[in-house]
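Below is input.txt, holding compact mmCIF, C-alpha atoms.
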```txt
# COMPACT_ATOMS: atom_id res chain seq x y z
CA MET P 1 124.53 103.08 135.03
CA VAL P 2 127.28 105.71 134.84
CA ILE P 3 130.96 104.78 134.73
CA GLU P 4 133.21 107.43 136.19
CA GLY P 5 135.48 109.02 133.64
CA LEU P 6 133.52 107.79 130.62
CA PRO P 7 130.72 109.55 128.74
CA PRO P 8 127.29 107.87 128.84
CA ARG P 9 126.63 105.29 126.14
CA PRO P 10 123.40 106.28 124.32
CA ASP P 11 123.33 102.97 122.43
CA LEU P 12 123.11 101.00 125.66
CA GLY P 13 120.01 102.71 127.02
CA ASP P 14 119.28 103.22 130.69
CA ASP P 15 119.49 100.60 133.40
CA SER P 16 116.23 101.44 135.12
CA LEU P 17 115.10 97.82 135.03
CA GLY P 18 118.30 96.62 136.67
CA TRP P 19 119.44 94.41 133.80
CA ARG P 20 123.11 95.31 134.29
CA SER P 21 125.11 95.40 137.49
CA ALA P 22 126.37 98.72 138.74
CA ASP P 23 130.00 97.87 138.03
CA ALA P 24 129.44 96.32 134.59
CA VAL P 25 131.38 97.71 131.66
CA VAL P 26 129.68 96.95 128.36
CA THR P 27 131.72 97.52 125.23
CA VAL P 28 130.45 96.99 121.72
CA HIS P 29 133.14 95.60 119.46
CA GLY P 30 132.83 95.09 115.74
CA THR P 31 132.08 96.89 112.53
CA GLY P 32 128.68 97.88 111.21
CA ILE P 33 127.50 97.58 107.63
CA LYS P 34 128.43 100.36 105.18
CA GLY P 35 130.20 102.33 107.89
CA GLY P 36 127.22 102.28 110.23
CA PRO P 37 127.42 101.43 113.93
CA PRO P 38 127.67 97.79 115.03
CA VAL P 39 124.68 96.35 116.84
CA GLY P 40 124.89 96.29 120.62
CA TRP P 41 123.40 92.88 121.27
CA SER P 42 125.46 89.70 121.39
CA PHE P 43 124.64 86.49 119.54
CA TRP P 44 123.47 84.86 122.76
CA GLU P 45 121.11 87.71 123.53
CA ALA P 46 119.76 87.48 119.99
CA PHE P 47 119.47 83.70 120.29
CA GLY P 48 117.65 84.07 123.61
CA LEU P 49 115.13 86.46 122.06
CA PHE P 50 114.72 84.06 119.14
CA ALA P 51 114.15 81.03 121.36
CA ILE P 52 112.05 82.59 124.12
CA VAL P 53 110.06 85.27 122.30
CA TYR P 54 109.83 83.97 118.73
CA LEU P 55 109.58 80.21 119.30
CA VAL P 56 108.11 79.78 122.79
CA ILE P 57 105.92 82.86 123.36
CA GLY P 58 105.05 83.69 119.76
CA GLN P 59 104.70 80.36 118.00
CA MET P 60 104.01 77.89 120.81
CA VAL P 61 102.06 79.75 123.50
CA LEU P 62 100.20 82.44 121.54
CA GLY P 63 99.91 80.16 118.54
CA ALA P 64 98.32 77.41 120.63
CA VAL P 65 95.96 79.88 122.33
CA THR P 66 94.87 81.26 118.95
CA LEU P 67 94.22 77.77 117.60
CA ALA P 68 92.26 76.81 120.72
CA LEU P 69 90.09 79.92 120.41
CA MET P 70 89.37 78.94 116.80
CA ASN P 71 88.41 75.37 117.88
CA TYR P 72 91.23 73.92 115.79
CA ASP P 73 91.48 70.14 115.60
CA PHE P 74 95.04 69.57 116.81
CA SER P 75 94.97 66.02 115.43
CA GLN P 76 95.22 67.61 111.96
CA ALA P 77 98.54 69.27 112.76
CA GLY P 78 101.22 68.29 110.27
CA ASP P 79 98.75 67.18 107.59
CA GLY P 80 99.40 69.20 104.45
CA GLY P 81 100.08 72.92 104.29
CA ALA P 82 98.91 75.63 106.64
CA SER P 83 95.15 76.13 106.88
CA ALA P 84 93.41 79.38 107.86
CA PRO P 85 93.66 78.68 111.63
CA LEU P 86 97.38 77.92 111.34
CA LEU P 87 97.90 81.08 109.30
CA ALA P 88 96.04 83.09 111.96
CA ALA P 89 98.13 81.53 114.74
CA THR P 90 101.35 82.34 112.90
CA LEU P 91 100.16 85.88 112.27
CA VAL P 92 99.39 86.48 115.95
CA GLY P 93 102.70 84.98 117.04
CA ASN P 94 104.70 87.05 114.56
CA VAL P 95 103.03 90.34 115.46
CA ALA P 96 103.61 89.65 119.17
CA THR P 97 107.24 88.75 118.48
CA VAL P 98 107.98 92.00 116.66
CA ALA P 99 106.26 94.02 119.39
CA LEU P 100 108.05 92.32 122.30
CA VAL P 101 111.50 92.28 120.71
CA SER P 102 111.15 95.90 119.61
CA TRP P 103 110.26 96.85 123.17
CA TRP P 104 113.27 94.95 124.53
CA LEU P 105 115.69 96.54 122.08
CA SER P 106 114.29 100.05 122.57
CA ARG P 107 114.87 99.72 126.33
CA ARG P 108 118.43 98.44 126.01
CA TYR P 109 119.59 99.97 122.73
CA PRO P 110 117.73 103.21 121.89
CA ASN P 111 119.56 103.52 118.54
CA TRP P 112 118.82 99.98 117.42
CA LEU P 113 116.90 101.07 114.33
CA THR P 114 119.88 103.15 113.19
CA SER P 115 122.14 100.13 113.72
CA LEU P 116 119.91 98.02 111.48
CA GLY P 117 120.23 100.63 108.74
CA ILE P 118 116.73 101.84 107.96
CA GLY P 119 118.10 104.41 105.52
CA SER P 120 116.65 107.49 103.85
CA PRO P 121 113.49 107.40 101.68
CA ALA P 122 115.66 107.50 98.57
CA VAL P 123 117.70 104.54 99.75
CA ARG P 124 114.56 102.60 100.67
CA SER P 125 113.12 103.26 97.21
CA ARG P 126 116.24 101.82 95.56
CA ASP P 127 116.06 98.81 97.88
CA VAL P 128 112.52 98.11 96.69
CA LEU P 129 113.57 98.34 93.04
CA ILE P 130 116.48 95.99 93.71
CA ALA P 131 114.10 93.56 95.43
CA ILE P 132 111.88 93.43 92.35
CA VAL P 133 114.89 92.18 90.38
CA MET P 134 116.62 90.02 92.98
CA ALA P 135 113.63 88.06 94.32
CA PRO P 136 112.69 86.47 90.95
CA ALA P 137 116.37 85.71 90.33
CA ILE P 138 116.68 83.92 93.67
CA TYR P 139 113.45 82.03 93.03
CA LEU P 140 114.61 80.87 89.60
CA VAL P 141 118.04 79.74 90.83
CA LEU P 142 116.50 77.80 93.70
CA GLY P 143 113.76 76.26 91.57
CA LEU P 144 115.74 75.44 88.43
CA VAL P 145 119.20 74.68 89.82
CA VAL P 146 119.30 74.01 93.56
CA ALA P 147 116.02 72.08 93.98
CA PRO P 148 116.72 69.46 91.25
CA ILE P 149 120.22 68.82 92.59
CA LEU P 150 119.05 68.49 96.21
CA SER P 151 116.10 66.31 95.20
CA ALA P 152 118.32 63.94 93.23
CA LEU P 153 120.79 63.72 96.09
CA ILE P 154 118.12 63.05 98.75
CA GLU P 155 116.39 60.44 96.56
CA ALA P 156 119.70 58.71 95.83
CA LEU P 157 120.51 58.45 99.55
CA SER P 158 117.02 57.58 100.79
CA ASN P 159 115.38 55.71 97.88
CA LEU P 160 112.29 57.81 98.60
CA PRO P 161 110.45 60.18 96.25
CA THR P 162 111.07 63.80 97.20
CA THR P 163 109.04 66.89 96.54
CA THR P 164 108.84 70.36 98.04
CA PRO P 165 106.02 70.30 100.62
CA GLU P 166 103.17 72.75 100.23
CA GLN P 167 103.44 75.35 102.98
CA ILE P 168 99.84 76.54 102.51
CA ASP P 169 96.74 74.40 102.01
CA ALA P 170 95.27 76.62 99.30
CA GLN P 171 92.34 74.30 98.52
CA SER P 172 90.95 74.66 102.05
CA LEU P 173 91.05 78.46 102.02
CA SER P 174 87.95 80.57 101.51
CA THR P 175 88.20 84.08 100.11
CA ALA P 176 88.73 85.40 103.63
CA GLY P 177 91.35 82.72 104.17
CA LYS P 178 93.21 83.78 101.05
CA ILE P 179 93.20 87.39 102.25
CA LEU P 180 94.57 86.16 105.57
CA ALA P 181 97.26 84.24 103.68
CA VAL P 182 98.31 87.40 101.85
CA ILE P 183 98.56 89.38 105.09
CA ALA P 184 100.39 86.62 106.94
CA THR P 185 102.87 85.58 104.25
CA VAL P 186 103.41 88.72 102.18
CA ILE P 187 103.44 91.38 104.90
CA VAL P 188 103.89 90.04 108.42
CA ALA P 189 106.14 87.01 107.87
CA PRO P 190 108.84 88.81 105.83
CA ILE P 191 109.07 91.66 108.35
CA THR P 192 109.20 89.30 111.32
CA GLU P 193 111.66 86.83 109.82
CA GLU P 194 114.04 89.46 108.47
CA PHE P 195 113.90 91.28 111.80
CA MET P 196 114.76 88.10 113.73
CA PHE P 197 117.10 86.25 111.38
CA ARG P 198 118.92 89.01 109.54
CA GLY P 199 118.45 91.94 111.92
CA LEU P 200 119.19 90.16 115.20
CA LEU P 201 120.98 86.89 114.53
CA PHE P 202 122.95 87.71 111.38
CA ARG P 203 124.07 91.13 112.57
CA SER P 204 125.09 89.90 116.02
CA LEU P 205 127.62 87.53 114.41
CA ARG P 206 128.46 89.49 111.28
CA ASP P 207 129.49 92.66 113.15
CA ARG P 208 131.94 90.74 115.37
CA HIS P 209 133.04 87.71 113.35
CA GLY P 210 132.43 88.60 109.71
CA PHE P 211 129.84 88.03 107.02
CA TRP P 212 130.36 84.32 106.34
CA LEU P 213 129.77 83.08 109.87
CA GLY P 214 126.81 85.39 110.40
CA ALA P 215 125.21 84.46 107.08
CA ALA P 216 125.78 80.71 107.52
CA VAL P 217 124.42 80.45 111.07
CA SER P 218 121.39 82.67 110.50
CA ALA P 219 120.60 80.94 107.19
CA VAL P 220 120.69 77.45 108.71
CA MET P 221 118.43 78.57 111.57
CA PHE P 222 116.10 80.19 109.04
CA GLY P 223 116.03 76.94 107.08
CA PHE P 224 115.17 74.73 110.04
CA VAL P 225 112.18 76.80 111.19
CA HIS P 226 110.60 75.84 107.86
CA TRP P 227 110.79 72.09 108.59
CA SER P 228 107.54 70.58 107.31
CA GLY P 229 106.20 67.32 105.93
CA PRO P 230 107.89 63.89 105.61
CA TRP P 231 111.55 63.99 106.52
CA GLN P 232 112.90 63.75 102.98
CA ASP P 233 110.63 66.60 101.83
CA ALA P 234 111.48 68.59 104.95
CA VAL P 235 115.21 68.25 104.26
CA LEU P 236 114.65 69.55 100.74
CA LEU P 237 112.66 72.54 102.02
CA VAL P 238 115.23 73.28 104.73
CA GLY P 239 117.97 73.24 102.11
CA LEU P 240 116.09 75.62 99.85
CA MET P 241 115.21 77.99 102.70
CA THR P 242 118.81 77.91 103.92
CA GLY P 243 119.90 79.04 100.48
CA THR P 244 117.24 81.74 100.54
CA GLY P 245 118.42 82.93 103.95
CA PHE P 246 122.01 83.14 102.76
CA ALA P 247 120.96 85.16 99.71
CA LEU P 248 118.96 87.57 101.90
CA ALA P 249 121.94 88.05 104.20
CA ALA P 250 124.11 88.80 101.16
CA ILE P 251 121.60 91.42 99.99
CA TYR P 252 121.65 92.99 103.45
CA GLN P 253 125.46 93.06 103.36
CA TRP P 254 125.41 94.64 99.90
CA ARG P 255 122.81 97.31 100.58
CA GLY P 256 123.49 98.01 104.27
CA SER P 257 119.79 98.40 105.09
CA ILE P 258 117.36 95.91 106.63
CA VAL P 259 114.78 97.29 104.20
CA ALA P 260 116.52 95.50 101.32
CA PRO P 261 116.09 91.91 102.58
CA ILE P 262 112.58 92.71 103.85
CA ALA P 263 111.54 94.00 100.41
CA THR P 264 113.20 91.06 98.66
CA HIS P 265 111.50 88.62 101.02
CA ILE P 266 108.13 90.26 100.36
CA VAL P 267 108.52 89.95 96.57
CA PHE P 268 109.82 86.38 96.97
CA ASN P 269 106.73 85.43 98.98
CA ILE P 270 104.43 87.19 96.51
CA ILE P 271 105.82 84.94 93.78
CA GLY P 272 105.47 81.81 95.90
CA LEU P 273 101.96 82.57 97.15
CA THR P 274 100.77 83.49 93.65
CA LEU P 275 101.98 80.14 92.32
CA ILE P 276 100.34 78.27 95.20
CA LEU P 277 96.97 80.01 94.84
CA THR P 278 96.84 79.79 91.03
CA THR P 279 98.05 76.20 90.59
CA SER P 280 96.25 74.44 93.47
```
Here is the file; what I need is its structure written in the form of structure tokens.
Amino acid sequence: MVIEGLPPRPDLGDDSLGWRSADAVVTVHGTGIKGGPPVGWSFWEAFGLFAIVYLVIGQMVLGAVTLALMNYDFSQAGDGGASAPLLAATLVGNVATVALVSWWLSRRYPNWLTSLGIGSPAVRSRDVLIAIVMAPAIYLVLGLVVAPILSALIEALSNLPTTTPEQIDAQSLSTAGKILAVIATVIVAPITEEFMFRGLLFRSLRDRHGFWLGAAVSAVMFGFVHWSGPWQDAVLLVGLMTGTGFALAAIYQWRGSIVAPIATHIVFNIIGLTLILTTS
């Protein structure tokens, strides 16, 4: 698509697949992080990718196929934390999500990685060092301050005992299962979730409507995808993960690079998985 009188927009990519009409004028409004370019995709495009690719294709379709191939007993779904088959299904879905969304963005927005703020090797190194400090701090605040307050509030309103549900069934995991858990939760999940929630959803709102709206919406969505267990326990976990999502968005805003929340998320999950595997 070429608009007479205007230079071509390299951030919009070509229109060889016919996704835009010939007379469409696409303008990217907003401000990027740390002086960088704003992202080209809208919130609704990001939400569509989240719903269709991440939830439907990745988690539901490919996840179900993976479980079926592993002869998983679907009657066990929802009982306790994730077992090895569930971890494998999540891993397959997440890898497919990153691949499909990356393909989509590369076709429509060739400079999408620059917009997300990958940064130089020196910047990425500092982001990793910051993550080593920030992740334990977030974990301690959530565990020692936020969790007790939320638990007391939920128990007062429901008259039901409340505890944070286990997200991984460590006792059922063999050595191979524990290796799978490390790959799925420490490597693949942080990259996928930061890519979808902070890279796509947060940035689509933040660049046009400011940090607070972007952080709040993406954090709440991040919280609800972690719904697990009895409702009172699920509400507690959603609240904690919403707080985590908000903190990760704040780190992204501070550092200006998607590497920062990814690294923080990785260290955060290392702490959580280590506690699960050593205390179960």
Open item on the list: Between P:Ala219, P:Thr244, P:Gly199, P:Trp254, which residue has the minimum interatomic distance to Thr114 in chain P, considering only C-alpha atoms?
Closed with: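 With only C-alpha atoms as the atom set, the closest residue is P:Gly199.
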- [ ] Please measure the separation of CA of Gly210 in chain P and CA of Ile251 in chain P, giving the value in Å to one decimal.
- [x] 14.8 Å
Open item on the list: Just to confirm, what's the straight-line distance from CA of Gly36 in chain P to CA of Tyr252 in chain P in Å (one decimal)?
Closed with: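 Between these atoms lies a distance of 12.8 Å.
Here CA of Leu213 in chain P stands at a distance of 26.2 Å from CA of Ser106 in chain P.
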Please tabulate, as a Markdown table, the residues of range 131-213 of chain P that come within 9 Å of range 257-277 of chain P, each with its closest pair of atoms and the distance in Å to one decimal, counting all atoms listed in the file and ordering rows by chain, then residue number upward.
```
| residue | atom | partner | partner_atom | distance |
| --- | --- | --- | --- | --- |
| P:Ala131 | CA | P:Thr264 | CA | 4.2 |
| P:Ile132 | CA | P:Val267 | CA | 6.4 |
| P:Val133 | CA | P:Thr264 | CA | 8.5 |
| P:Met134 | CA | P:Thr264 | CA | 6.7 |
| P:Ala135 | CA | P:Phe268 | CA | 4.9 |
| P:Pro136 | CA | P:Phe268 | CA | 6.7 |
| P:Ile138 | CA | P:Phe268 | CA | 8.0 |
| P:Tyr139 | CA | P:Phe268 | CA | 6.9 |
| P:Glu166 | CA | P:Ile276 | CA | 8.0 |
| P:Gln167 | CA | P:Ile276 | CA | 8.9 |
| P:Ile168 | CA | P:Ile276 | CA | 7.5 |
| P:Asp169 | CA | P:Ile276 | CA | 8.6 |
| P:Ala170 | CA | P:Leu277 | CA | 5.9 |
| P:Gln171 | CA | P:Leu277 | CA | 8.2 |
| P:Lys178 | CA | P:Leu277 | CA | 8.2 |
| P:Ala181 | CA | P:Leu273 | CA | 8.2 |
| P:Val182 | CA | P:Leu273 | CA | 7.7 |
| P:Thr185 | CA | P:Asn269 | CA | 6.5 |
| P:Val186 | CA | P:Ile266 | CA | 5.3 |
| P:Ile187 | CA | P:Ile266 | CA | 6.6 |
| P:Ala189 | CA | P:Ile266 | CA | 8.4 |
| P:Pro190 | CA | P:His265 | CA | 5.5 |
| P:Ile191 | CA | P:Ile262 | CA | 5.8 |
| P:Thr192 | CA | P:Ile262 | CA | 8.9 |
| P:Glu193 | CA | P:Ile262 | CA | 8.4 |
| P:Glu194 | CA | P:Ile262 | CA | 5.8 |
| P:Phe195 | CA | P:Ile258 | CA | 7.8 |
| P:Arg198 | CA | P:Ile258 | CA | 7.6 |
| P:Gly199 | CA | P:Ile258 | CA | 6.7 |
```
Task: Using all atoms listed in the file: which of P:Thr279, P:Pro230, P:Leu248, P:Phe224 has the shortest distance to Phe202 in chain P - done: P:Leu248
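Checking P:Ala215, P:Ala250, P:Leu180, P:Leu113 one by one against Ser83 in chain P, counting all atoms listed in the file, you find the shortest gap at P:Leu180.
For the set P:Val123, P:Val188, P:Leu49, P:Met221, the residue with the smallest atom-to-atom gap to Trp103 in chain P is P:Leu49, counting only C-alpha atoms.
The residue set within 10 Å of Thr162 in chain P, counting only C-alpha atoms and dropping same-chain residues fewer than 5 places from it, reads Pro148, Leu150, Ser151, Ala152, Leu153, Ile154, Glu155, Pro230, Trp231, Gln232, Asp233, Ala234, Val235 and Leu236 of chain P.
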Open item on the list: Here is a test: counting only C-alpha atoms, which residue of P:Ala68, P:Ala184, P:Leu116, P:Leu140 is nearest to Thr90 in chain P?
Closed with: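 Closest to Thr90 in chain P of all the choices is P:Ala184.
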Taking all atoms of range 84-91 of chain P that appear in the file, build a box with edges along x, y and z, extend it by 6 Å on every side, and state its centre and edge lengths in Å to one decimal, as AutoDock Vina command-line options.
```
--center_x 97.4 --center_y 81.9 --center_z 111.3 --size_x 19.9 --size_y 20.0 --size_z 18.9
```
Open item on the list: Neighbouring residues of Leu86 in chain P were defined as those with any atom within 9 Å, considering all atoms listed in the file; residues of the same chain fewer than 3 positions away were excluded. Please report them as number ranges by chain.
Closed with: P: 63, 66-67, 72, 77, 82-83, 89-91
- [ ] Rank P:Leu240, P:Arg206, P:Gly48, P:Pro121 by their smallest atom-to-atom distance to Phe222 in chain P, using only C-alpha atoms, and report the top residue only.
- [x] P:Leu240
